[in-house]
Amino acid sequence: MSKSNSLPLAGHYNANYGNFQTELYAQIRREGFGEDIGQNSWLTSDEQDRFLEWLDLSPGKTLLDVACGAGGPALRIAATTGCSVIGIDVHEQAVTTASLLAKQSGLVERAEFRVADATRSLPFSDATFDAITCIDAINHFPDRAYAIADWARLLKPGGRLLFTDPITVTGALTNAEIAVRSSAGFYLFVPHGYDERAIAQCGLRLLVCEDVTENMAKVAEARRAARAARSTALREIEGDQAYDGQQEFLAIAARLAREGRLSRFLYVSTKSS
Ligand SMILES: C[S@@+](CC[C@H](N)C(=O)[O-])C[C@H]1O[C@@H](n2cnc3c(N)ncnc32)[C@H](O)[C@@H]1O
């Protein structure tokens, strides 16, 4: 079993999950993402619709969403496809919110959320899941090959793995930019090609590799602007330091993505039948 050496999550994860269900944070998500599906990433609803085409989910099938955050994206998949979902995340408040949202949307029979650390072997039997997703979170796990190997273990033969890696280095970065961009805890910065090699090393076959950086540039800038328009209320809730920190994080995330220096890639792979 790998030893977890990730740093504790901090900063904007606490602020976003601690206030997730307030109208203020919901408004910010609506403006930031176009549609609020309860996400805390760079994922939009139209992007998720496209991702679903590769997952082949339907009633009777089960999806594992690793680092599910507040559960919105997994619940939307359960509602859209009729499949069952299990979401895990290390952030307790995120998981509490996810369980509440499952109740509110009448999906408790098909949606379950648990606290678990994805840097360790996950507490499920081999070949349990038809599909596994991990959206904008793999960068928080120090040992990528270990995490993907565990997901390969959990997939049924023919199952699909879909993840996005938003921390792929595709240009020059300064130490100050790296510090701000990684201010929410442990981050692994990898060159393009690293994920493909890890997927192959774990015995999965790559089906799709796509550059999905544009969404990160758009969402980061729209979230920054939506928060700036509500700065007085947010400063009161988050405090000046946390508010300014998150604004700087979003501004740098938008700039690096726009300039193509830090990219976000989508990978879909499959386990042989
Ligand atoms: C950018 S958020 C994405 C959340 C969700 N996938 C979404 O699209 O809304 C990254 C998530 O990774 C989670 N995370 C970070 N380290 C983790 C770990 N070691 N195990 C499980 N989850 C982790 C954080 O708590 C956070 O919810």
# chains A, B, ... in the order shown; residues from 1 in each chain; ligands from 1
$ select_by_dssp --residues "segment 1-147 of chain A" --states "helix (DSSP H, G or I)" --output "ChimeraX atom specification"
/A:12-18,23-33,45-55,72-81,92-104,138-140,144-147
$ residues_near_ligand --ligand "ligand 1" --cutoff "6 Å" --atoms "only C-alpha atoms and all ligand atoms" --output "mmCIF file with N, CA and C atoms, in the first residue's frame"
data_model
loop_
_atom_site.group_PDB
_atom_site.id
_atom_site.type_symbol
_atom_site.label_atom_id
_atom_site.label_comp_id
_atom_site.auth_asym_id
_atom_site.auth_seq_id
_atom_site.Cartn_x
_atom_site.Cartn_y
_atom_site.Cartn_z
ATOM 1 N N GLN A 39 -20.499 21.377 -9.166
ATOM 2 C CA GLN A 39 -19.100 21.028 -9.409
ATOM 3 C C GLN A 39 -18.155 22.001 -8.703
ATOM 4 N N ASN A 40 -16.922 21.550 -8.493
ATOM 5 C CA ASN A 40 -15.893 22.426 -7.930
ATOM 6 C C ASN A 40 -14.600 22.118 -8.675
ATOM 7 N N SER A 41 -14.620 22.413 -9.977
ATOM 8 C CA SER A 41 -13.500 22.021 -10.852
ATOM 9 C C SER A 41 -13.552 22.917 -12.079
ATOM 10 N N LEU A 43 -15.073 21.670 -14.832
ATOM 11 C CA LEU A 43 -16.044 20.884 -15.607
ATOM 12 C C LEU A 43 -17.337 21.663 -15.836
ATOM 13 N N ALA A 67 -12.517 11.391 -5.912
ATOM 14 C CA ALA A 67 -12.395 12.820 -5.592
ATOM 15 C C ALA A 67 -13.631 13.550 -6.116
ATOM 16 N N CYS A 68 -14.779 13.092 -5.653
ATOM 17 C CA CYS A 68 -16.073 13.538 -6.186
ATOM 18 C C CYS A 68 -16.468 14.933 -5.732
ATOM 19 N N GLY A 69 -15.726 15.520 -4.791
ATOM 20 C CA GLY A 69 -16.101 16.836 -4.283
ATOM 21 C C GLY A 69 -17.474 16.779 -3.640
ATOM 22 N N ASP A 89 -14.257 11.064 -1.525
ATOM 23 C CA ASP A 89 -13.416 12.258 -1.451
ATOM 24 C C ASP A 89 -12.800 12.292 -0.055
ATOM 25 N N VAL A 90 -11.662 12.941 0.070
ATOM 26 C CA VAL A 90 -10.984 12.996 1.360
ATOM 27 C C VAL A 90 -11.528 14.146 2.226
ATOM 28 N N HIS A 91 -12.269 15.071 1.596
ATOM 29 C CA HIS A 91 -12.749 16.251 2.317
ATOM 30 C C HIS A 91 -14.117 15.938 2.955
ATOM 31 N N ALA A 116 -12.825 8.865 1.736
ATOM 32 C CA ALA A 116 -11.716 7.930 1.504
ATOM 33 C C ALA A 116 -10.563 8.692 0.865
ATOM 34 N N ASP A 117 -9.357 8.195 1.101
ATOM 35 C CA ASP A 117 -8.150 8.842 0.593
ATOM 36 C C ASP A 117 -7.683 8.105 -0.661
ATOM 37 N N ALA A 118 -7.720 8.802 -1.782
ATOM 38 C CA ALA A 118 -7.393 8.157 -3.061
ATOM 39 C C ALA A 118 -5.892 7.960 -3.252
ATOM 40 N N THR A 119 -5.078 8.374 -2.315
ATOM 41 C CA THR A 119 -3.648 8.066 -2.435
ATOM 42 C C THR A 119 -3.376 6.660 -1.886
ATOM 43 N N CYS A 134 -12.414 10.588 -12.625
ATOM 44 C CA CYS A 134 -11.683 11.414 -11.664
ATOM 45 C C CYS A 134 -11.456 12.753 -12.355
ATOM 46 N N ILE A 135 -12.229 13.750 -11.951
ATOM 47 C CA ILE A 135 -12.230 15.026 -12.665
ATOM 48 C C ILE A 135 -11.399 16.069 -11.915
ATOM 49 N N ASP A 136 -10.328 16.504 -12.560
ATOM 50 C CA ASP A 136 -9.483 17.608 -12.073
ATOM 51 C C ASP A 136 -8.953 17.375 -10.662
ATOM 52 N N ALA A 137 -8.563 16.142 -10.364
ATOM 53 C CA ALA A 137 -8.079 15.841 -9.010
ATOM 54 C C ALA A 137 -6.846 14.949 -8.985
ATOM 55 N N HIS A 140 -3.568 15.801 -7.324
ATOM 56 C CA HIS A 140 -3.393 15.835 -5.864
ATOM 57 C C HIS A 140 -2.791 14.541 -5.313
ATOM 58 N N PHE A 141 -2.597 13.542 -6.189
ATOM 59 C CA PHE A 141 -2.090 12.254 -5.708
ATOM 60 C C PHE A 141 -0.621 12.117 -6.112
#
$ residues_around --residues "Lys61 of chain A" --least-positions-apart "3" --cutoff "10 Å" --atoms "only C-alpha atoms" --output "PyMOL selection string"
chain A and resi 56-58+78+81-85+128-131
$ closest_residue --among "A:Gly34, A:Tyr13, A:Thr270, A:Gly260" --to "Val208 of chain A" --atoms "only C-alpha atoms"
A:Thr270
$ closest_residue --among "A:Glu92, A:Asp46, A:Glu109, A:Asp165" --to "Leu188 of chain A" --atoms "only C-alpha atoms"
A:Asp165
$ select_by_dssp --residues "segment 1-222 of chain A" --states "strand (DSSP E)" --output "ChimeraX atom specification"
/A:62-66,84-89,111-115,129-134,155-169,190-191,205-211
$ closest_atom_pairs --of "segment 16-96 of chain A" --to "segment 219-230 of chain A" --cutoff "10 Å" --atoms "only C-alpha atoms" --output "tab-separated table"
residue	atom	partner	partner_atom	distance
A:Leu24	CA	A:Arg230	CA	8.4
A:Tyr25	CA	A:Arg227	CA	8.8
A:Gln27	CA	A:Ala226	CA	8.2
A:Ile28	CA	A:Ala226	CA	5.4
A:Arg29	CA	A:Arg223	CA	7.1
A:Arg30	CA	A:Ala226	CA	9.0
A:Glu31	CA	A:Ala226	CA	6.1
A:Gly32	CA	A:Arg223	CA	4.2
A:Phe33	CA	A:Val219	CA	5.9
A:Gly34	CA	A:Val219	CA	8.8
A:Ser41	CA	A:Val219	CA	8.6
A:Trp42	CA	A:Val219	CA	6.0
A:Leu43	CA	A:Val219	CA	8.1
A:Thr44	CA	A:Val219	CA	8.2
$ closest_residue --among "A:Arg258, A:Arg181, A:Arg153, A:Arg50" --to "Ser121 of chain A" --atoms "only C-alpha atoms"
A:Arg153
$ closest_residue --among "A:Thr97, A:Leu155, A:His12, A:Lys103" --to "Thr62 of chain A" --atoms "only C-alpha atoms"
A:Leu155
